[in-house]
$ cat upload_23.csv   # CSV, N, CA and C atoms
chain,number,residue,atom,x,y,z
A,1,MET,N,-21.1,-20.3,4.4
A,1,MET,CA,-20.4,-19.3,5.1
A,1,MET,C,-21.3,-18.1,5.4
A,2,ASN,N,-21.2,-17.7,6.6
A,2,ASN,CA,-22.0,-16.5,7.0
A,2,ASN,C,-21.2,-15.3,7.0
A,3,LEU,N,-21.8,-14.1,7.3
A,3,LEU,CA,-21.2,-12.8,7.2
A,3,LEU,C,-20.0,-12.7,8.2
A,4,SER,N,-20.2,-13.3,9.4
A,4,SER,CA,-19.1,-13.1,10.4
A,4,SER,C,-17.8,-13.9,9.9
A,5,THR,N,-18.0,-14.9,9.1
A,5,THR,CA,-16.8,-15.6,8.6
A,5,THR,C,-16.0,-14.7,7.7
A,6,PHE,N,-16.8,-14.0,6.8
A,6,PHE,CA,-16.1,-13.1,5.9
A,6,PHE,C,-15.4,-12.0,6.6
A,7,VAL,N,-16.1,-11.4,7.6
A,7,VAL,CA,-15.5,-10.3,8.4
A,7,VAL,C,-14.2,-10.8,9.1
A,8,LYS,N,-14.3,-12.0,9.7
A,8,LYS,CA,-13.1,-12.5,10.4
A,8,LYS,C,-11.9,-12.7,9.4
A,9,LYS,N,-12.3,-13.2,8.2
A,9,LYS,CA,-11.3,-13.4,7.2
A,9,LYS,C,-10.6,-12.1,6.7
A,10,ASP,N,-11.5,-11.1,6.6
A,10,ASP,CA,-11.0,-9.8,6.2
A,10,ASP,C,-10.1,-9.2,7.3
A,11,VAL,N,-10.4,-9.4,8.5
A,11,VAL,CA,-9.6,-8.9,9.6
A,11,VAL,C,-8.2,-9.5,9.6
A,12,TYR,N,-8.2,-10.8,9.4
A,12,TYR,CA,-6.9,-11.5,9.3
A,12,TYR,C,-6.1,-11.0,8.1
A,13,ILE,N,-6.8,-10.8,6.9
A,13,ILE,CA,-6.1,-10.3,5.8
A,13,ILE,C,-5.6,-8.9,6.0
A,14,LEU,N,-6.4,-8.1,6.7
A,14,LEU,CA,-6.0,-6.7,7.0
A,14,LEU,C,-4.8,-6.6,7.9
A,15,VAL,N,-4.7,-7.5,8.9
A,15,VAL,CA,-3.6,-7.5,9.8
A,15,VAL,C,-2.3,-8.0,9.1
A,16,LEU,N,-2.5,-9.0,8.3
A,16,LEU,CA,-1.3,-9.5,7.5
A,16,LEU,C,-0.9,-8.5,6.5
A,17,MET,N,-1.8,-7.7,5.9
A,17,MET,CA,-1.4,-6.6,5.0
A,17,MET,C,-0.6,-5.6,5.7
A,18,VAL,N,-1.1,-5.1,6.9
A,18,VAL,CA,-0.4,-4.1,7.6
A,18,VAL,C,1.0,-4.5,8.0
A,19,LEU,N,1.2,-5.8,8.2
A,19,LEU,CA,2.5,-6.3,8.6
A,19,LEU,C,3.4,-6.5,7.4
A,20,THR,N,2.8,-6.9,6.3
A,20,THR,CA,3.6,-7.4,5.2
A,20,THR,C,4.0,-6.2,4.2
A,21,VAL,N,3.1,-5.3,3.9
A,21,VAL,CA,3.3,-4.3,2.9
A,21,VAL,C,4.5,-3.4,3.3
A,22,PRO,N,4.6,-2.9,4.6
A,22,PRO,CA,5.8,-2.1,4.9
A,22,PRO,C,7.1,-2.9,4.7
A,23,LEU,N,7.1,-4.2,5.0
A,23,LEU,CA,8.4,-4.9,4.8
A,23,LEU,C,8.7,-5.1,3.3
A,24,ALA,N,7.6,-5.4,2.5
A,24,ALA,CA,7.8,-5.6,1.1
A,24,ALA,C,8.2,-4.3,0.4
A,25,GLY,N,7.8,-3.2,1.0
A,25,GLY,CA,8.2,-1.9,0.4
A,25,GLY,C,9.6,-1.6,0.6
A,26,GLU,N,10.3,-2.3,1.5
A,26,GLU,CA,11.7,-2.0,1.7
A,26,GLU,C,12.6,-2.9,0.8
A,27,ILE,N,11.9,-3.8,0.1
A,27,ILE,CA,12.6,-4.6,-0.9
A,27,ILE,C,12.5,-3.8,-2.2
A,28,LYS,N,13.6,-3.2,-2.6
A,28,LYS,CA,13.5,-2.3,-3.7
A,28,LYS,C,14.8,-2.3,-4.6
A,29,PHE,N,14.7,-1.9,-5.8
A,29,PHE,CA,15.9,-1.8,-6.7
A,29,PHE,C,15.7,-0.6,-7.5
A,30,TYR,N,16.8,-0.1,-8.1
A,30,TYR,CA,16.9,1.1,-8.9
A,30,TYR,C,17.3,0.7,-10.3
A,31,PRO,N,16.3,0.5,-11.2
A,31,PRO,CA,16.6,0.0,-12.6
A,31,PRO,C,17.3,1.0,-13.5
A,32,LEU,N,17.0,2.3,-13.3
A,32,LEU,CA,17.5,3.3,-14.3
A,32,LEU,C,18.5,4.2,-13.6
A,33,ASN,N,18.2,4.8,-12.5
A,33,ASN,CA,19.1,5.7,-11.9
A,33,ASN,C,18.8,5.8,-10.4
A,34,GLU,N,19.4,6.7,-9.7
A,34,GLU,CA,19.3,6.7,-8.2
A,34,GLU,C,17.9,7.3,-7.8
A,35,THR,N,17.2,7.9,-8.7
A,35,THR,CA,15.9,8.6,-8.2
A,35,THR,C,14.7,7.7,-8.5
A,36,PHE,N,14.7,6.9,-9.6
A,36,PHE,CA,13.6,6.0,-9.9
A,36,PHE,C,13.8,4.7,-9.2
A,37,ARG,N,12.8,4.3,-8.4
A,37,ARG,CA,12.9,3.1,-7.6
A,37,ARG,C,11.7,2.3,-7.8
A,38,VAL,N,11.9,1.0,-7.8
A,38,VAL,CA,10.8,0.0,-7.9
A,38,VAL,C,10.8,-0.9,-6.6
A,39,SER,N,9.7,-0.9,-5.9
A,39,SER,CA,9.6,-1.8,-4.7
A,39,SER,C,8.5,-2.8,-4.8
A,40,LEU,N,8.5,-3.7,-3.9
A,40,LEU,CA,7.4,-4.7,-3.9
A,40,LEU,C,6.2,-4.3,-3.1
A,41,GLY,N,6.2,-3.2,-2.5
A,41,GLY,CA,5.1,-2.7,-1.6
A,41,GLY,C,3.8,-2.6,-2.3
A,42,ALA,N,3.8,-1.9,-3.5
A,42,ALA,CA,2.6,-1.7,-4.2
A,42,ALA,C,2.0,-3.0,-4.8
A,43,PRO,N,2.7,-3.9,-5.4
A,43,PRO,CA,2.1,-5.1,-5.8
A,43,PRO,C,1.6,-6.0,-4.7
A,44,THR,N,2.3,-6.0,-3.6
A,44,THR,CA,1.8,-6.7,-2.4
A,44,THR,C,0.5,-6.1,-1.9
A,45,PHE,N,0.4,-4.8,-1.8
A,45,PHE,CA,-0.8,-4.1,-1.4
A,45,PHE,C,-1.9,-4.4,-2.4
A,46,PHE,N,-1.7,-4.4,-3.7
A,46,PHE,CA,-2.7,-4.7,-4.7
A,46,PHE,C,-3.3,-6.1,-4.5
A,47,PHE,N,-2.4,-7.1,-4.3
A,47,PHE,CA,-2.9,-8.4,-4.1
A,47,PHE,C,-3.7,-8.6,-2.8
A,48,PHE,N,-3.3,-7.9,-1.8
A,48,PHE,CA,-4.1,-8.0,-0.6
A,48,PHE,C,-5.5,-7.3,-0.8
A,49,LEU,N,-5.5,-6.2,-1.5
A,49,LEU,CA,-6.8,-5.6,-1.7
A,49,LEU,C,-7.7,-6.5,-2.5
A,50,LEU,N,-7.1,-7.3,-3.4
A,50,LEU,CA,-8.0,-8.2,-4.2
A,50,LEU,C,-8.5,-9.3,-3.3
A,51,LEU,N,-7.8,-9.6,-2.2
A,51,LEU,CA,-8.3,-10.7,-1.3
A,51,LEU,C,-9.4,-10.2,-0.4
A,52,LEU,N,-9.5,-9.0,-0.1
A,52,LEU,CA,-10.6,-8.5,0.8
A,52,LEU,C,-11.9,-8.6,0.1
A,53,GLN,N,-12.9,-9.1,0.9
A,53,GLN,CA,-14.2,-9.3,0.3
A,53,GLN,C,-15.3,-8.3,0.8
A,54,LYS,N,-15.3,-8.0,2.1
A,54,LYS,CA,-16.3,-7.1,2.6
A,54,LYS,C,-15.8,-5.8,3.1
A,55,THR,N,-14.5,-5.6,3.3
A,55,THR,CA,-14.0,-4.4,3.8
A,55,THR,C,-13.8,-3.4,2.6
A,56,PRO,N,-14.3,-2.2,2.7
A,56,PRO,CA,-14.0,-1.2,1.7
A,56,PRO,C,-12.5,-0.9,1.7
A,57,ALA,N,-11.9,-0.7,0.5
A,57,ALA,CA,-10.5,-0.6,0.3
A,57,ALA,C,-9.9,0.7,0.9
A,58,VAL,N,-10.8,1.6,1.2
A,58,VAL,CA,-10.3,2.9,1.8
A,58,VAL,C,-9.7,2.7,3.2
A,59,LEU,N,-10.3,1.9,4.0
A,59,LEU,CA,-9.8,1.6,5.4
A,59,LEU,C,-8.4,1.0,5.3
A,60,PRO,N,-8.2,-0.1,4.5
A,60,PRO,CA,-6.8,-0.7,4.5
A,60,PRO,C,-5.8,0.3,3.9
A,61,GLY,N,-6.2,1.2,3.0
A,61,GLY,CA,-5.3,2.2,2.4
A,61,GLY,C,-4.8,3.2,3.5
A,62,PHE,N,-5.8,3.6,4.3
A,62,PHE,CA,-5.4,4.6,5.4
A,62,PHE,C,-4.5,3.9,6.4
A,63,LEU,N,-4.9,2.7,6.8
A,63,LEU,CA,-4.0,2.0,7.8
A,63,LEU,C,-2.7,1.6,7.3
A,64,THR,N,-2.6,1.1,6.1
A,64,THR,CA,-1.3,0.7,5.5
A,64,THR,C,-0.4,1.9,5.3
A,65,GLY,N,-1.0,3.0,4.8
A,65,GLY,CA,-0.2,4.2,4.5
A,65,GLY,C,0.3,4.8,5.8
A,66,THR,N,-0.5,4.8,6.9
A,66,THR,CA,0.0,5.2,8.2
A,66,THR,C,1.1,4.3,8.7
A,67,ILE,N,0.9,3.0,8.6
A,67,ILE,CA,2.0,2.1,9.1
A,67,ILE,C,3.2,2.2,8.3
A,68,VAL,N,3.1,2.4,7.0
A,68,VAL,CA,4.3,2.5,6.2
A,68,VAL,C,5.2,3.7,6.6
A,69,VAL,N,4.5,4.8,6.7
A,69,VAL,CA,5.2,6.1,7.1
A,69,VAL,C,5.9,5.9,8.5
A,70,ASN,N,5.1,5.4,9.5
A,70,ASN,CA,5.7,5.1,10.8
A,70,ASN,C,6.9,4.1,10.8
A,71,PHE,N,6.7,3.1,10.0
A,71,PHE,CA,7.8,2.1,9.8
A,71,PHE,C,9.1,2.7,9.3
A,72,ARG,N,8.9,3.5,8.2
A,72,ARG,CA,10.1,4.2,7.6
A,72,ARG,C,10.7,5.2,8.5
A,73,ILE,N,9.9,5.9,9.3
A,73,ILE,CA,10.5,6.9,10.3
A,73,ILE,C,11.2,6.1,11.3
A,74,LEU,N,10.7,4.9,11.7
A,74,LEU,CA,11.4,4.1,12.7
A,74,LEU,C,12.8,3.6,12.1
A,75,ILE,N,12.8,3.2,10.9
A,75,ILE,CA,14.0,2.8,10.2
A,75,ILE,C,15.0,4.0,10.2
A,76,ASP,N,14.5,5.2,9.9
A,76,ASP,CA,15.4,6.4,9.9
A,76,ASP,C,16.0,6.6,11.3
A,77,PHE,N,15.1,6.4,12.3
A,77,PHE,CA,15.6,6.6,13.7
A,77,PHE,C,16.7,5.7,14.0
A,78,PHE,N,16.7,4.5,13.6
A,78,PHE,CA,17.8,3.5,13.9
A,78,PHE,C,19.0,3.7,13.0
A,79,GLN,N,18.8,4.2,11.8
A,79,GLN,CA,19.9,4.3,10.9
A,79,GLN,C,20.7,5.7,11.0
A,80,GLN,N,20.1,6.7,11.4
A,80,GLN,CA,20.7,8.0,11.4
A,80,GLN,C,21.2,8.4,12.8
A,81,GLU,N,22.4,8.9,12.8
A,81,GLU,CA,23.1,9.3,14.1
A,81,GLU,C,22.4,10.6,14.6
A,82,ASN,N,22.2,11.6,13.8
A,82,ASN,CA,21.5,12.8,14.2
A,82,ASN,C,20.1,12.8,13.7
A,83,PHE,N,19.3,12.1,14.3
A,83,PHE,CA,17.9,11.9,13.8
A,83,PHE,C,17.0,13.1,14.1
A,84,ASP,N,16.3,13.5,13.0
A,84,ASP,CA,15.4,14.7,13.1
A,84,ASP,C,14.0,14.2,12.7
A,85,TRP,N,13.0,14.2,13.7
A,85,TRP,CA,11.7,13.7,13.4
A,85,TRP,C,11.0,14.5,12.3
A,86,ALA,N,11.1,15.8,12.3
A,86,ALA,CA,10.4,16.6,11.3
A,86,ALA,C,11.0,16.3,9.9
A,87,SER,N,12.3,16.2,9.8
A,87,SER,CA,12.9,15.9,8.5
A,87,SER,C,12.5,14.5,8.0
A,88,SER,N,12.5,13.6,8.9
A,88,SER,CA,12.2,12.2,8.5
A,88,SER,C,10.7,12.1,8.1
A,89,PHE,N,9.8,12.8,8.9
A,89,PHE,CA,8.4,12.8,8.5
A,89,PHE,C,8.2,13.5,7.1
A,90,GLN,N,8.9,14.5,6.9
A,90,GLN,CA,8.8,15.3,5.6
A,90,GLN,C,9.2,14.4,4.5
A,91,ASP,N,10.2,13.5,4.7
A,91,ASP,CA,10.7,12.6,3.6
A,91,ASP,C,9.7,11.5,3.4
A,92,GLN,N,9.0,11.0,4.5
A,92,GLN,CA,8.3,9.8,4.4
A,92,GLN,C,6.8,10.0,4.1
A,93,TYR,N,6.2,11.1,4.5
A,93,TYR,CA,4.8,11.3,4.4
A,93,TYR,C,4.1,11.1,3.0
A,94,PRO,N,4.8,11.4,1.9
A,94,PRO,CA,4.2,11.2,0.6
A,94,PRO,C,3.8,9.7,0.4
A,95,SER,N,4.5,8.8,1.1
A,95,SER,CA,4.1,7.4,1.0
A,95,SER,C,2.7,7.1,1.4
A,96,PHE,N,2.2,7.9,2.4
A,96,PHE,CA,0.9,7.7,2.9
A,96,PHE,C,-0.1,8.1,1.8
A,97,PHE,N,0.1,9.1,1.1
A,97,PHE,CA,-0.8,9.6,0.0
A,97,PHE,C,-0.8,8.6,-1.2
A,98,PHE,N,0.4,7.9,-1.4
A,98,PHE,CA,0.4,6.9,-2.4
A,98,PHE,C,-0.5,5.8,-2.1
A,99,TYR,N,-0.4,5.2,-0.9
A,99,TYR,CA,-1.3,4.0,-0.5
A,99,TYR,C,-2.7,4.4,-0.3
A,100,PHE,N,-3.0,5.6,0.2
A,100,PHE,CA,-4.4,6.1,0.4
A,100,PHE,C,-5.0,6.3,-1.0
A,101,THR,N,-4.3,7.0,-1.9
A,101,THR,CA,-4.8,7.2,-3.2
A,101,THR,C,-5.1,5.9,-4.0
A,102,TYR,N,-4.1,5.0,-3.8
A,102,TYR,CA,-4.2,3.7,-4.5
A,102,TYR,C,-5.5,3.0,-4.0
A,103,SER,N,-5.7,3.0,-2.7
A,103,SER,CA,-6.9,2.3,-2.2
A,103,SER,C,-8.2,3.0,-2.6
A,104,CYS,N,-8.2,4.3,-2.6
A,104,CYS,CA,-9.4,5.0,-3.0
A,104,CYS,C,-9.7,4.8,-4.5
A,105,LEU,N,-8.7,4.8,-5.4
A,105,LEU,CA,-9.0,4.5,-6.8
A,105,LEU,C,-9.4,3.0,-7.0
A,106,PHE,N,-8.8,2.1,-6.2
A,106,PHE,CA,-9.2,0.7,-6.3
A,106,PHE,C,-10.6,0.6,-5.9
A,107,TYR,N,-11.1,1.3,-4.9
A,107,TYR,CA,-12.5,1.3,-4.4
A,107,TYR,C,-13.4,1.9,-5.4
A,108,LEU,N,-13.0,3.1,-6.0
A,108,LEU,CA,-13.9,3.8,-6.9
A,108,LEU,C,-14.1,3.0,-8.2
A,109,VAL,N,-13.1,2.4,-8.7
A,109,VAL,CA,-13.2,1.6,-9.9
A,109,VAL,C,-13.9,0.3,-9.7
A,110,LYS,N,-14.0,-0.1,-8.4
A,110,LYS,CA,-14.6,-1.4,-8.1
A,110,LYS,C,-13.9,-2.5,-8.8
A,111,THR,N,-12.6,-2.6,-8.5
A,111,THR,CA,-11.7,-3.6,-9.2
A,111,THR,C,-12.1,-5.0,-8.9
A,112,ASN,N,-12.7,-5.2,-7.7
A,112,ASN,CA,-13.0,-6.6,-7.3
A,112,ASN,C,-14.1,-7.2,-8.2
A,113,ARG,N,-14.8,-6.4,-8.9
A,113,ARG,CA,-15.9,-7.0,-9.8
A,113,ARG,C,-15.3,-7.7,-11.0
A,114,PHE,N,-14.0,-7.6,-11.2
A,114,PHE,CA,-13.3,-8.2,-12.4
A,114,PHE,C,-12.5,-9.4,-12.0
A,115,HIS,N,-12.9,-10.1,-10.9
A,115,HIS,CA,-12.1,-11.2,-10.5
A,115,HIS,C,-11.8,-12.3,-11.5
A,116,ASN,N,-12.8,-12.5,-12.4
A,116,ASN,CA,-12.6,-13.5,-13.5
A,116,ASN,C,-12.0,-13.0,-14.8
A,117,ARG,N,-11.5,-11.7,-14.7
A,117,ARG,CA,-10.8,-11.1,-15.9
A,117,ARG,C,-9.5,-10.6,-15.5
A,118,PRO,N,-8.5,-11.4,-15.5
A,118,PRO,CA,-7.1,-11.0,-15.0
A,118,PRO,C,-6.5,-9.9,-15.8
A,119,LEU,N,-6.7,-9.9,-17.1
A,119,LEU,CA,-6.1,-8.8,-18.0
A,119,LEU,C,-6.6,-7.5,-17.6
A,120,ILE,N,-7.9,-7.4,-17.4
A,120,ILE,CA,-8.5,-6.1,-17.0
A,120,ILE,C,-8.0,-5.7,-15.7
A,121,ILE,N,-7.9,-6.6,-14.7
A,121,ILE,CA,-7.4,-6.3,-13.4
A,121,ILE,C,-6.0,-5.8,-13.5
A,122,GLY,N,-5.2,-6.4,-14.3
A,122,GLY,CA,-3.8,-6.0,-14.5
A,122,GLY,C,-3.7,-4.6,-15.1
A,123,PHE,N,-4.6,-4.3,-16.1
A,123,PHE,CA,-4.6,-3.0,-16.7
A,123,PHE,C,-5.1,-1.9,-15.7
A,124,ILE,N,-6.1,-2.2,-14.9
A,124,ILE,CA,-6.6,-1.3,-13.9
A,124,ILE,C,-5.5,-1.1,-12.9
A,125,GLY,N,-4.8,-2.1,-12.5
A,125,GLY,CA,-3.8,-2.0,-11.5
A,125,GLY,C,-2.6,-1.1,-12.0
A,126,LEU,N,-2.3,-1.2,-13.3
A,126,LEU,CA,-1.3,-0.4,-13.9
A,126,LEU,C,-1.7,1.1,-13.9
A,127,LEU,N,-2.9,1.4,-14.2
A,127,LEU,CA,-3.4,2.8,-14.2
A,127,LEU,C,-3.5,3.3,-12.8
A,128,ILE,N,-4.0,2.5,-11.9
A,128,ILE,CA,-4.0,3.0,-10.5
A,128,ILE,C,-2.6,3.3,-10.0
A,129,GLU,N,-1.6,2.5,-10.3
A,129,GLU,CA,-0.2,2.7,-9.9
A,129,GLU,C,0.3,4.0,-10.5
A,130,ILE,N,0.1,4.2,-11.7
A,130,ILE,CA,0.6,5.5,-12.3
A,130,ILE,C,-0.1,6.7,-11.7
A,131,LEU,N,-1.4,6.7,-11.5
A,131,LEU,CA,-2.1,7.8,-10.9
A,131,LEU,C,-1.6,8.0,-9.5
A,132,SER,N,-1.5,6.9,-8.7
A,132,SER,CA,-1.0,7.1,-7.3
A,132,SER,C,0.4,7.6,-7.2
A,133,ASP,N,1.3,7.1,-8.1
A,133,ASP,CA,2.6,7.7,-8.2
A,133,ASP,C,2.6,9.2,-8.5
A,134,SER,N,1.7,9.6,-9.3
A,134,SER,CA,1.6,11.0,-9.6
A,134,SER,C,1.2,11.8,-8.4
A,135,VAL,N,0.3,11.3,-7.6
A,135,VAL,CA,-0.2,12.0,-6.4
A,135,VAL,C,0.9,12.1,-5.4
A,136,GLU,N,1.7,11.0,-5.3
A,136,GLU,CA,2.8,10.9,-4.3
A,136,GLU,C,3.8,12.0,-4.6
$ encode --input "upload_23.csv" --output "structure tokens"
Amino acid sequence: MNLSTFVKKDVYILVLMVLTVPLAGEIKFYPLNETFRVSLGAPTFFFFLLLLQKTPAVLPGFLTGTIVVNFRILIDFFQQENFDWASSFQDQYPSFFFYFTYSCLFYLVKTNRFHNRPLIIGFIGLLIEILSDSVE
């Protein structure tokens, strides 16, 4: 396999990530109360980042964060009768910082070097999740 094959594969993964993560983020449940929510967006994002081989994780984090915010604003637009762009953006923009921080930490820790050590990957993923939630 040559370099262009890896780049093409990463482009396909990136496009699938940008389409899938916002949808998975809308699958959520509230295990404790109305303020603490668990969604499938972060685990989906994490697994896509693990699949990328040549693309630095910061680019997918920026793109995914931007798409997630825009997708949620679009959902607000269709669900609210008196839609306010500024209010919706104010509610949704912290999601961008979650995904961007997540990808930056993933890149800084160089998580992909642990592909053969799943427990370490899981532990790193847990720490990244907690830190990213704190930034959000």
$ atom_distance --input "upload_23.csv" --atom1 "atom CA of A:Ala57" --atom2 "atom CA of A:Met17"
11.9 Å
$ select_by_dssp --input "upload_23.csv" --residues "chain A" --states "strand (DSSP E or B)" --output "mmCIF file with N, CA and C atoms, in the frame of the given file"
data_model
loop_
_atom_site.group_PDB
_atom_site.id
_atom_site.type_symbol
_atom_site.label_atom_id
_atom_site.label_comp_id
_atom_site.auth_asym_id
_atom_site.auth_seq_id
_atom_site.Cartn_x
_atom_site.Cartn_y
_atom_site.Cartn_z
ATOM 1 N N LYS A 28 13.600 -3.200 -2.600
ATOM 2 C CA LYS A 28 13.500 -2.300 -3.700
ATOM 3 C C LYS A 28 14.800 -2.300 -4.600
ATOM 4 N N PHE A 29 14.700 -1.900 -5.800
ATOM 5 C CA PHE A 29 15.900 -1.800 -6.700
ATOM 6 C C PHE A 29 15.700 -0.600 -7.500
ATOM 7 N N VAL A 38 11.900 1.000 -7.800
ATOM 8 C CA VAL A 38 10.800 0.000 -7.900
ATOM 9 C C VAL A 38 10.800 -0.900 -6.600
ATOM 10 N N SER A 39 9.700 -0.900 -5.900
ATOM 11 C CA SER A 39 9.600 -1.800 -4.700
ATOM 12 C C SER A 39 8.500 -2.800 -4.800
#
$ residues_around --input "upload_23.csv" --residues "A:Gly41" --least-positions-apart "5" --cutoff "8 Å" --atoms "all atoms listed in the file" --output "ChimeraX atom specification"
/A:20-28,46-47
$ residues_around --input "upload_23.csv" --residues "A:Phe89" --least-positions-apart "3" --cutoff "9 Å" --atoms "only C-alpha atoms" --output "ChimeraX atom specification"
/A:69-70,72-73,84-86,92-93
$ residues_around --input "upload_23.csv" --residues "stretch 112-119 of chain A" --least-positions-apart "6" --cutoff "8 Å" --atoms "all atoms listed in the file" --output "short mmCIF file (atom, residue, chain, number, x, y, z; two decimals) with N, CA and C atoms, in the coordinates of the input"
data_model
loop_
_atom_site.label_atom_id
_atom_site.label_comp_id
_atom_site.auth_asym_id
_atom_site.auth_seq_id
_atom_site.Cartn_x
_atom_site.Cartn_y
_atom_site.Cartn_z
N LEU A 49 -5.50 -6.20 -1.50
CA LEU A 49 -6.80 -5.60 -1.70
C LEU A 49 -7.70 -6.50 -2.50
N LEU A 50 -7.10 -7.30 -3.40
CA LEU A 50 -8.00 -8.20 -4.20
C LEU A 50 -8.50 -9.30 -3.30
N LEU A 51 -7.80 -9.60 -2.20
CA LEU A 51 -8.30 -10.70 -1.30
C LEU A 51 -9.40 -10.20 -0.40
N LEU A 52 -9.50 -9.00 -0.10
CA LEU A 52 -10.60 -8.50 0.80
C LEU A 52 -11.90 -8.60 0.10
N PHE A 106 -8.80 2.10 -6.20
CA PHE A 106 -9.20 0.70 -6.30
C PHE A 106 -10.60 0.60 -5.90
N GLY A 125 -4.80 -2.10 -12.50
CA GLY A 125 -3.80 -2.00 -11.50
C GLY A 125 -2.60 -1.10 -12.00
#
$ decode --input "upload_23.csv" --residues "stretch 83-95 of chain A" --atoms "N, CA, C and O atoms" --output "compact mmCIF listing (two decimals), in the first residue's frame"
# COMPACT_ATOMS: atom_id res chain seq x y z
N PHE A 83 -37.53 30.71 16.94
CA PHE A 83 -36.10 30.38 16.89
C PHE A 83 -35.25 31.64 16.97
O PHE A 83 -35.50 32.63 16.30
N ASP A 84 -34.21 31.58 17.81
CA ASP A 84 -33.26 32.68 17.95
C ASP A 84 -31.85 32.12 17.71
O ASP A 84 -31.38 31.27 18.46
N TRP A 85 -31.20 32.59 16.63
CA TRP A 85 -29.87 32.10 16.25
C TRP A 85 -28.86 32.28 17.38
O TRP A 85 -28.11 31.35 17.69
N ALA A 86 -28.84 33.46 17.96
CA ALA A 86 -27.84 33.76 18.99
C ALA A 86 -28.02 32.86 20.21
O ALA A 86 -27.04 32.34 20.76
N SER A 87 -29.24 32.67 20.63
CA SER A 87 -29.52 31.82 21.78
C SER A 87 -29.14 30.37 21.49
O SER A 87 -28.55 29.68 22.33
N SER A 88 -29.49 29.91 20.31
CA SER A 88 -29.17 28.53 19.93
C SER A 88 -27.66 28.34 19.85
O SER A 88 -27.13 27.33 20.33
N PHE A 89 -26.97 29.29 19.25
CA PHE A 89 -25.51 29.19 19.17
C PHE A 89 -24.90 29.18 20.56
O PHE A 89 -23.98 28.41 20.84
N GLN A 90 -25.41 30.03 21.43
CA GLN A 90 -24.89 30.10 22.79
C GLN A 90 -25.08 28.78 23.54
O GLN A 90 -24.23 28.38 24.33
N ASP A 91 -26.18 28.11 23.26
CA ASP A 91 -26.44 26.81 23.89
C ASP A 91 -25.56 25.71 23.32
O ASP A 91 -25.22 24.76 24.03
N GLN A 92 -25.21 25.80 22.03
CA GLN A 92 -24.57 24.69 21.34
C GLN A 92 -23.05 24.80 21.19
O GLN A 92 -22.38 23.79 21.01
N TYR A 93 -22.49 26.01 21.24
CA TYR A 93 -21.06 26.15 20.94
C TYR A 93 -20.11 25.42 21.90
O TYR A 93 -19.00 25.06 21.50
N PRO A 94 -20.47 25.15 23.16
CA PRO A 94 -19.54 24.39 23.99
C PRO A 94 -19.23 23.00 23.44
O PRO A 94 -18.15 22.46 23.72
N SER A 95 -20.12 22.44 22.64
CA SER A 95 -19.86 21.14 22.03
C SER A 95 -18.63 21.18 21.13
O SER A 95 -17.88 20.21 21.04
